[in-house]
Amino acid sequence: MQLAPSEDQAALVALVRSFLEKEVPPSRVRAAEPLGFDAALWRALSQLGVAQMALAKAPNEAGSSLLDCALVAEALGAHLAPVPFAEVVAARAALAFVGSAAASLPELRDDEAPALALALRPARNGVFPLVPAGAVAGWVVGLDGDELVLVEAGPGEAGRGDVGAASPQSAGSASRSPRNLGDSPLADRSAVGSRRLCLARGAAAKAAFERALDVWRVLSAAALSGLSARALEIGVAYATAREQFGVPIGSFQALAHRLADVSASVEGAGMLVREAAWAADEGERCASALASAAYLFAGEAAQLSAGESLHVHGGYGFTLEYDIQLFYRRAKAWSLALDAPARERRELARRVLACDHAPGRFGPPRAGARAGATSDAGMDFRLGERSDRFRAEVRAFLAEIVTDEMRGRAHASGTYHDWTLHRALGAKGWIAATWPRALGGQERDPAEMAAFHEEAALAEAPIDGLLITMMVANTIRDLGTEAQKQELIPPMIQGEALVALGYSEPEAGSDVAAVRTRAVRDGSGWRIDGEKVFTSLAHESQFIFLLARTDPDKPKHAGLTLFLVPVDAPGIEIRPIRTLGGERTNATFYTNVYVDDRFRIGPVDGGWSVLGVALTHERAGGSQEGTRVLAQFVEWAREARDTDGRRRIDDPGVLEAIARVAIHNEVSYLLGRRPGWLMERGEPAAVASSIARLYYTTGFQDTCSELLDLLGPDGVLQHGEAGAPAAGWIERAHRHAAVGTIYAGSSEIQRTIIARQGLRLPRGKEGGRR
């Protein structure tokens, strides 16, 4: 997986952004209102080559990739550039899709104004309604009945006359572009016009139109993504500069956390848009579903970002003097250009259900040679052929060893670890498969392990012990002594030793530095006394990775040390705690427990920095539980009937829920892959890890609640009960989801990391360490 643009794409974006920063300040956007078109800017972009961008018809032919165009659209959207782009590129694409010969077309000059625009909705009663750029484009491409047509502006319509001389509307023609929320050059256009050419008929016409619409969806999504990112920047800048009560308002946690939520959505929208563009270029099997998902989610992210940033401005944000209102209006208007979002969600659901794989998300992109115009581009959302081969091997292995009986034991006991499976994974060398061979690994790349974890989640393999143990093993590998690496790591990665986490205490949860468990020097070792809670899998483990206070006189973050405590040491007591989700965790008690100093991990009183490394390993990655839950729901909906005998899968509410959850799953997947990609490049990943965890866990709670609602009264029945919809698994997921925003750092902790380290919002007076 490669998430960075190619060098050529990066250079293109830098050129466009540099031009826009200089030439398109907000005052220029305002000056173009109410029409929303700046002819001089269009001419300048024409000279730059941007206004003439068109998709390459085939690999290695002249033209741009959709990803190239999306990166440009993102920059244009960030500056609210008052020129049409998505509708123009999509119209050109429609001509290319039907293979219209250049000799059969009229001269389509657009150096002065756009020659073409795509009518997003089929003609009704001889009129294409509210065509984007319809007020300025000389020709419109649209679907009229079963014909895809190219229609020149008729008498009195905007753009009438020689296309090359088309200009912004005069005051006399401005009335034909009705005032609208986004101050966009919308206009109804005749489906007859002064000249009309039929480009294609029947199935070919509709197929070309739908493909062109998907181009428009992706490029409009890119513009919305750019808008959302810039609106967030404006909100953060204002929150940093604006002071109330003697401090910057960005230091207030309530405000900072709202902007952190925005940041997660903005980041996810950008990744989804780029994946959608890439997938279309590569001919991926669910590119059409991704296009729809990107448009929907980018619209939601833009509205969230602009709305929250306006709110940050307080009363000033509501005035026309401040720029944020420009973003607020366009975020909503651009999101409504195609259709009502509810109908678009239903269309997305149908596309997801039509994909030839489980509908939990849009699926891992297929392997094989690239098929599209981006063969030399840097960005690639595939995990790769090595990953696909490993995925097949893992899937076959899990199908054989992970039985219904094994899953049943895990659910019944609440212990999501199985020694038979764990030892088998150790024997395969898969517990530390990414490690160098010299350290007992297989040197598998992160993409291969991403496939492993996806397959394990989909198979409901009980591997919690593996995940926790490897977090600690990675920490020892990073920070431990050579002796510790030789003694402690081998049994962990061979499947013979588990490690539980001993961080939280009754009075130290998210504020983990407040731990009271003491470790006192005793000769060549330490005596530990105290209590830990939520020590999951301690009853199965050989060690507990325990945080203790070694110097009570130092500031609370400075007097901590981490130990790997053998569970069989005298003085340890383990008591079970049952949870809402059915899992077993534990309270552990330590009474005069002796631990040799060789089990100390990191320096004395340096435990806080060691913990930071461990938490980075813990937060990295994403979950596929949402994928499995949606697949279970869809399986139920396909079989269930309502009281009138209609299939639930055809219910509009069910379809809209499928769309929302599928989008959440896909964005969660992308955000979950980003930390590993960053770490592989040697870049910091803490903020990306927090974004991934925050977005997934909060959204998964919404997912489970919404799907459980749709199951109706019977949905409360638990697994094993007769008549339980979806075998009761969604009810269980709903209970389990509640802990997601608590463990591994609560959602509030994740938001604080995002706000302070990611957005660089100021720290409040209460934010310093004491």
# chains A, B, ... in the order shown; residues from 1 in each chain; ligands from 1
call {"tool": "residues_around", "arguments": {"residues": "range 759-764 of chain A", "least_positions_apart": "4", "cutoff": "7 Å", "atoms": "only C-alpha atoms", "output": "list in words"}}
result
Val236, Thr240, Pro248, Gly250, Ser251, Phe252, Ile754 and Ala755 of chain A
call {"tool": "select_by_dssp", "arguments": {"residues": "range 588-729 of chain A", "states": "alpha helix (DSSP H)", "output": "MDAnalysis selection string"}}
result
chainID A and resid 607:619 625:639 652:680 686:711 729
call {"tool": "residues_around", "arguments": {"residues": "Pro506 in chain A", "least_positions_apart": "4", "cutoff": "9 Å", "atoms": "only C-alpha atoms", "output": "short mmCIF file (atom, residue, chain, number, x, y, z; two decimals) with N, CA and C atoms, in the first residue's frame"}}
result
data_model
loop_
_atom_site.label_atom_id
_atom_site.label_comp_id
_atom_site.auth_asym_id
_atom_site.auth_seq_id
_atom_site.Cartn_x
_atom_site.Cartn_y
_atom_site.Cartn_z
N VAL A 515 -1.10 6.06 39.11
CA VAL A 515 -1.05 4.74 39.75
C VAL A 515 -0.43 4.82 41.15
N GLU A 531 -2.77 -2.91 43.50
CA GLU A 531 -3.95 -3.53 42.88
C GLU A 531 -4.10 -3.00 41.46
N LYS A 532 -4.44 -3.87 40.53
CA LYS A 532 -4.71 -3.49 39.15
C LYS A 532 -6.11 -4.00 38.76
N VAL A 533 -6.75 -3.26 37.86
CA VAL A 533 -8.04 -3.70 37.33
C VAL A 533 -7.97 -3.77 35.81
#
call {"tool": "residues_around", "arguments": {"residues": "range 286-303 of chain A", "least_positions_apart": "6", "cutoff": "6 Å", "atoms": "only C-alpha atoms", "output": "list of chain:residue names"}}
result
A:Asp214, A:Arg217, A:Val218, A:Ala221, A:Leu224, A:Ser225, A:Ser228, A:Ser265, A:Val266, A:Ala269, A:Leu272, A:Val273, A:Ala276, A:Ala279, A:Ala280, A:Ala331, A:Ser335, A:Leu348, A:Arg351, A:Val352
call {"tool": "atom_distance", "arguments": {"atom1": "CA of Gly426 in chain A", "atom2": "CA of Ala461 in chain A"}}
result
14.5 Å
call {"tool": "select_by_dssp", "arguments": {"residues": "range 588-633 of chain A", "states": "strand (DSSP E or B)", "output": "PyMOL selection string"}}
result
chain A and resi 588-596+600-601
call {"tool": "residues_around", "arguments": {"residues": "Gly525 in chain A", "least_positions_apart": "3", "cutoff": "12 Å", "atoms": "only C-alpha atoms", "output": "count of residues only"}}
result
17
call {"tool": "residues_around", "arguments": {"residues": "Ala459 in chain A", "least_positions_apart": "5", "cutoff": "9 Å", "atoms": "only C-alpha atoms", "output": "list in words"}}
result
Arg395, Leu398, Ala399, Val402, Glu454 and Arg628 of chain A
call {"tool": "closest_residue", "arguments": {"among": "A:Leu48, A:Leu150, A:Leu655, A:Ala264", "to": "Val192 in chain A", "atoms": "only C-alpha atoms"}}
result
A:Leu150
call {"tool": "residues_around", "arguments": {"residues": "Ala724 in chain A", "least_positions_apart": "3", "cutoff": "12 Å", "atoms": "only C-alpha atoms", "output": "PDB file with all heavy atoms, in the first residue's frame"}}
result
ATOM      1  N   TRP A 636     -29.099 -11.458   7.254  1.00  0.00           N
ATOM      2  CA  TRP A 636     -30.435 -11.481   7.860  1.00  0.00           C
ATOM      3  C   TRP A 636     -31.446 -10.741   6.983  1.00  0.00           C
ATOM      4  O   TRP A 636     -32.548 -11.223   6.740  1.00  0.00           O
ATOM      5  CB  TRP A 636     -30.381 -10.839   9.249  1.00  0.00           C
ATOM      6  CG  TRP A 636     -31.737 -10.522   9.802  1.00  0.00           C
ATOM      7  CD1 TRP A 636     -32.584 -11.375  10.439  1.00  0.00           C
ATOM      8  CD2 TRP A 636     -32.425  -9.262   9.729  1.00  0.00           C
ATOM      9  NE1 TRP A 636     -33.748 -10.736  10.774  1.00  0.00           N
ATOM     10  CE2 TRP A 636     -33.675  -9.432  10.350  1.00  0.00           C
ATOM     11  CE3 TRP A 636     -32.102  -8.016   9.207  1.00  0.00           C
ATOM     12  CZ2 TRP A 636     -34.605  -8.394  10.458  1.00  0.00           C
ATOM     13  CZ3 TRP A 636     -33.007  -6.985   9.308  1.00  0.00           C
ATOM     14  CH2 TRP A 636     -34.243  -7.175   9.922  1.00  0.00           C
ATOM     15  N   ALA A 640     -35.119 -12.010   5.820  1.00  0.00           N
ATOM     16  CA  ALA A 640     -36.242 -11.561   6.651  1.00  0.00           C
ATOM     17  C   ALA A 640     -37.307 -10.876   5.805  1.00  0.00           C
ATOM     18  O   ALA A 640     -37.030 -10.299   4.750  1.00  0.00           O
ATOM     19  CB  ALA A 640     -35.731 -10.604   7.733  1.00  0.00           C
ATOM     20  N   LEU A 708     -29.162  -2.700  15.319  1.00  0.00           N
ATOM     21  CA  LEU A 708     -30.021  -3.345  16.304  1.00  0.00           C
ATOM     22  C   LEU A 708     -31.426  -2.757  16.257  1.00  0.00           C
ATOM     23  O   LEU A 708     -32.421  -3.484  16.364  1.00  0.00           O
ATOM     24  CB  LEU A 708     -29.420  -3.187  17.702  1.00  0.00           C
ATOM     25  CG  LEU A 708     -30.038  -4.052  18.803  1.00  0.00           C
ATOM     26  CD1 LEU A 708     -29.911  -5.531  18.481  1.00  0.00           C
ATOM     27  CD2 LEU A 708     -29.378  -3.750  20.145  1.00  0.00           C
ATOM     28  N   LEU A 711     -33.407  -4.374  13.549  1.00  0.00           N
ATOM     29  CA  LEU A 711     -33.863  -5.737  13.825  1.00  0.00           C
ATOM     30  C   LEU A 711     -35.200  -5.758  14.541  1.00  0.00           C
ATOM     31  O   LEU A 711     -35.896  -6.774  14.524  1.00  0.00           O
ATOM     32  CB  LEU A 711     -32.820  -6.482  14.665  1.00  0.00           C
ATOM     33  CG  LEU A 711     -31.445  -6.711  14.038  1.00  0.00           C
ATOM     34  CD1 LEU A 711     -30.568  -7.531  14.973  1.00  0.00           C
ATOM     35  CD2 LEU A 711     -31.553  -7.397  12.691  1.00  0.00           C
ATOM     36  N   GLY A 712     -35.538  -4.653  15.188  1.00  0.00           N
ATOM     37  CA  GLY A 712     -36.827  -4.573  15.864  1.00  0.00           C
ATOM     38  C   GLY A 712     -36.834  -5.262  17.215  1.00  0.00           C
ATOM     39  O   GLY A 712     -35.778  -5.597  17.767  1.00  0.00           O
ATOM     40  N   PRO A 713     -38.025  -5.505  17.768  1.00  0.00           N
ATOM     41  CA  PRO A 713     -38.130  -6.081  19.117  1.00  0.00           C
ATOM     42  C   PRO A 713     -37.369  -7.391  19.287  1.00  0.00           C
ATOM     43  O   PRO A 713     -36.782  -7.642  20.350  1.00  0.00           O
ATOM     44  CB  PRO A 713     -39.632  -6.288  19.295  1.00  0.00           C
ATOM     45  CG  PRO A 713     -40.260  -5.284  18.385  1.00  0.00           C
ATOM     46  CD  PRO A 713     -39.353  -5.194  17.206  1.00  0.00           C
ATOM     47  N   ASP A 714     -37.344  -8.223  18.247  1.00  0.00           N
ATOM     48  CA  ASP A 714     -36.646  -9.501  18.360  1.00  0.00           C
ATOM     49  C   ASP A 714     -35.134  -9.318  18.450  1.00  0.00           C
ATOM     50  O   ASP A 714     -34.410 -10.242  18.832  1.00  0.00           O
ATOM     51  CB  ASP A 714     -36.954 -10.391  17.155  1.00  0.00           C
ATOM     52  CG  ASP A 714     -38.401 -10.857  17.134  1.00  0.00           C
ATOM     53  OD1 ASP A 714     -39.082 -10.716  18.170  1.00  0.00           O
ATOM     54  OD2 ASP A 714     -38.851 -11.349  16.092  1.00  0.00           O
ATOM     55  N   GLY A 715     -34.651  -8.144  18.119  1.00  0.00           N
ATOM     56  CA  GLY A 715     -33.218  -7.913  18.114  1.00  0.00           C
ATOM     57  C   GLY A 715     -32.574  -8.020  19.475  1.00  0.00           C
ATOM     58  O   GLY A 715     -31.357  -8.199  19.570  1.00  0.00           O
ATOM     59  N   VAL A 716     -33.358  -7.917  20.546  1.00  0.00           N
ATOM     60  CA  VAL A 716     -32.787  -7.997  21.890  1.00  0.00           C
ATOM     61  C   VAL A 716     -32.458  -9.428  22.294  1.00  0.00           C
ATOM     62  O   VAL A 716     -31.785  -9.654  23.301  1.00  0.00           O
ATOM     63  CB  VAL A 716     -33.733  -7.371  22.937  1.00  0.00           C
ATOM     64  CG1 VAL A 716     -34.031  -5.922  22.585  1.00  0.00           C
ATOM     65  CG2 VAL A 716     -35.025  -8.170  23.062  1.00  0.00           C
ATOM     66  N   LEU A 717     -32.913 -10.409  21.509  1.00  0.00           N
ATOM     67  CA  LEU A 717     -32.638 -11.806  21.839  1.00  0.00           C
ATOM     68  C   LEU A 717     -31.164 -12.113  21.628  1.00  0.00           C
ATOM     69  O   LEU A 717     -30.573 -11.724  20.619  1.00  0.00           O
ATOM     70  CB  LEU A 717     -33.494 -12.736  20.985  1.00  0.00           C
ATOM     71  CG  LEU A 717     -35.013 -12.593  21.164  1.00  0.00           C
ATOM     72  CD1 LEU A 717     -35.753 -13.524  20.218  1.00  0.00           C
ATOM     73  CD2 LEU A 717     -35.404 -12.865  22.615  1.00  0.00           C
ATOM     74  N   GLN A 718     -30.596 -12.827  22.567  1.00  0.00           N
ATOM     75  CA  GLN A 718     -29.173 -13.088  22.533  1.00  0.00           C
ATOM     76  C   GLN A 718     -28.835 -14.360  21.778  1.00  0.00           C
ATOM     77  O   GLN A 718     -29.699 -15.189  21.485  1.00  0.00           O
ATOM     78  CB  GLN A 718     -28.612 -13.135  23.958  1.00  0.00           C
ATOM     79  CG  GLN A 718     -28.742 -11.803  24.696  1.00  0.00           C
ATOM     80  CD  GLN A 718     -28.012 -11.790  26.015  1.00  0.00           C
ATOM     81  OE1 GLN A 718     -27.598 -12.815  26.536  1.00  0.00           O
ATOM     82  NE2 GLN A 718     -27.843 -10.589  26.581  1.00  0.00           N
ATOM     83  N   HIS A 719     -27.557 -14.498  21.471  1.00  0.00           N
ATOM     84  CA  HIS A 719     -27.069 -15.668  20.754  1.00  0.00           C
ATOM     85  C   HIS A 719     -27.459 -16.945  21.492  1.00  0.00           C
ATOM     86  O   HIS A 719     -27.295 -17.045  22.715  1.00  0.00           O
ATOM     87  CB  HIS A 719     -25.552 -15.597  20.616  1.00  0.00           C
ATOM     88  CG  HIS A 719     -24.955 -16.783  19.935  1.00  0.00           C
ATOM     89  ND1 HIS A 719     -25.211 -17.095  18.623  1.00  0.00           N
ATOM     90  CD2 HIS A 719     -24.117 -17.761  20.404  1.00  0.00           C
ATOM     91  CE1 HIS A 719     -24.552 -18.195  18.293  1.00  0.00           C
ATOM     92  NE2 HIS A 719     -23.888 -18.613  19.353  1.00  0.00           N
ATOM     93  N   GLY A 720     -27.990 -17.886  20.750  1.00  0.00           N
ATOM     94  CA  GLY A 720     -28.428 -19.143  21.349  1.00  0.00           C
ATOM     95  C   GLY A 720     -29.905 -19.199  21.625  1.00  0.00           C
ATOM     96  O   GLY A 720     -30.454 -20.287  21.863  1.00  0.00           O
ATOM     97  N   GLU A 721     -30.579 -18.036  21.596  1.00  0.00           N
ATOM     98  CA  GLU A 721     -32.019 -18.010  21.823  1.00  0.00           C
ATOM     99  C   GLU A 721     -32.756 -18.233  20.502  1.00  0.00           C
ATOM    100  O   GLU A 721     -32.358 -17.687  19.460  1.00  0.00           O
ATOM    101  CB  GLU A 721     -32.440 -16.674  22.435  1.00  0.00           C
ATOM    102  CG  GLU A 721     -31.869 -16.405  23.808  1.00  0.00           C
ATOM    103  CD  GLU A 721     -32.353 -17.405  24.849  1.00  0.00           C
ATOM    104  OE1 GLU A 721     -33.495 -17.896  24.708  1.00  0.00           O
ATOM    105  OE2 GLU A 721     -31.588 -17.709  25.787  1.00  0.00           O
ATOM    106  N   ALA A 727     -28.726 -14.446  14.443  1.00  0.00           N
ATOM    107  CA  ALA A 727     -28.195 -15.365  15.457  1.00  0.00           C
ATOM    108  C   ALA A 727     -27.767 -14.659  16.741  1.00  0.00           C
ATOM    109  O   ALA A 727     -26.995 -15.208  17.533  1.00  0.00           O
ATOM    110  CB  ALA A 727     -27.028 -16.167  14.883  1.00  0.00           C
ATOM    111  N   GLY A 728     -28.256 -13.429  16.946  1.00  0.00           N
ATOM    112  CA  GLY A 728     -27.933 -12.699  18.168  1.00  0.00           C
ATOM    113  C   GLY A 728     -26.582 -12.014  18.162  1.00  0.00           C
ATOM    114  O   GLY A 728     -26.202 -11.383  19.149  1.00  0.00           O
ATOM    115  N   TRP A 729     -25.859 -12.091  17.059  1.00  0.00           N
ATOM    116  CA  TRP A 729     -24.511 -11.525  17.032  1.00  0.00           C
ATOM    117  C   TRP A 729     -24.523  -9.998  17.059  1.00  0.00           C
ATOM    118  O   TRP A 729     -23.603  -9.366  17.604  1.00  0.00           O
ATOM    119  CB  TRP A 729     -23.744 -12.011  15.814  1.00  0.00           C
ATOM    120  CG  TRP A 729     -23.444 -13.480  15.835  1.00  0.00           C
ATOM    121  CD1 TRP A 729     -23.772 -14.404  14.891  1.00  0.00           C
ATOM    122  CD2 TRP A 729     -22.778 -14.204  16.874  1.00  0.00           C
ATOM    123  NE1 TRP A 729     -23.346 -15.649  15.257  1.00  0.00           N
ATOM    124  CE2 TRP A 729     -22.726 -15.558  16.472  1.00  0.00           C
ATOM    125  CE3 TRP A 729     -22.215 -13.855  18.102  1.00  0.00           C
ATOM    126  CZ2 TRP A 729     -22.136 -16.552  17.255  1.00  0.00           C
ATOM    127  CZ3 TRP A 729     -21.630 -14.843  18.876  1.00  0.00           C
ATOM    128  CH2 TRP A 729     -21.590 -16.169  18.461  1.00  0.00           C
ATOM    129  N   ILE A 730     -25.553  -9.377  16.496  1.00  0.00           N
ATOM    130  CA  ILE A 730     -25.583  -7.912  16.497  1.00  0.00           C
ATOM    131  C   ILE A 730     -25.909  -7.408  17.897  1.00  0.00           C
ATOM    132  O   ILE A 730     -25.375  -6.387  18.351  1.00  0.00           O
ATOM    133  CB  ILE A 730     -26.570  -7.400  15.440  1.00  0.00           C
ATOM    134  CG1 ILE A 730     -26.056  -7.787  14.049  1.00  0.00           C
ATOM    135  CG2 ILE A 730     -26.760  -5.883  15.539  1.00  0.00           C
ATOM    136  CD1 ILE A 730     -27.002  -7.508  12.924  1.00  0.00           C
ATOM    137  N   GLU A 731     -26.760  -8.122  18.599  1.00  0.00           N
ATOM    138  CA  GLU A 731     -27.037  -7.763  19.996  1.00  0.00           C
ATOM    139  C   GLU A 731     -25.751  -7.838  20.821  1.00  0.00           C
ATOM    140  O   GLU A 731     -25.463  -6.946  21.628  1.00  0.00           O
ATOM    141  CB  GLU A 731     -28.093  -8.713  20.565  1.00  0.00           C
ATOM    142  CG  GLU A 731     -28.512  -8.410  21.999  1.00  0.00           C
ATOM    143  CD  GLU A 731     -27.592  -9.028  23.050  1.00  0.00           C
ATOM    144  OE1 GLU A 731     -26.887 -10.025  22.739  1.00  0.00           O
ATOM    145  OE2 GLU A 731     -27.565  -8.504  24.193  1.00  0.00           O
ATOM    146  N   ARG A 732     -24.970  -8.893  20.590  1.00  0.00           N
ATOM    147  CA  ARG A 732     -23.711  -9.016  21.321  1.00  0.00           C
ATOM    148  C   ARG A 732     -22.743  -7.898  20.943  1.00  0.00           C
ATOM    149  O   ARG A 732     -22.069  -7.309  21.801  1.00  0.00           O
ATOM    150  CB  ARG A 732     -23.058 -10.362  21.046  1.00  0.00           C
ATOM    151  CG  ARG A 732     -21.777 -10.545  21.845  1.00  0.00           C
ATOM    152  CD  ARG A 732     -20.894 -11.649  21.300  1.00  0.00           C
ATOM    153  NE  ARG A 732     -19.629 -11.628  22.007  1.00  0.00           N
ATOM    154  CZ  ARG A 732     -18.608 -10.806  21.723  1.00  0.00           C
ATOM    155  NH1 ARG A 732     -18.724  -9.955  20.708  1.00  0.00           N
ATOM    156  NH2 ARG A 732     -17.491 -10.835  22.429  1.00  0.00           N
TER     157      ARG A 732
END
call {"tool": "closest_residue", "arguments": {"among": "A:Gly509, A:Gly480, A:Gly495, A:Gly138", "to": "Leu466 in chain A", "atoms": "only C-alpha atoms"}}
result
A:Gly495
call {"tool": "atom_distance", "arguments": {"atom1": "CA of Gly530 in chain A", "atom2": "CA of Thr591 in chain A"}}
result
6.8 Å
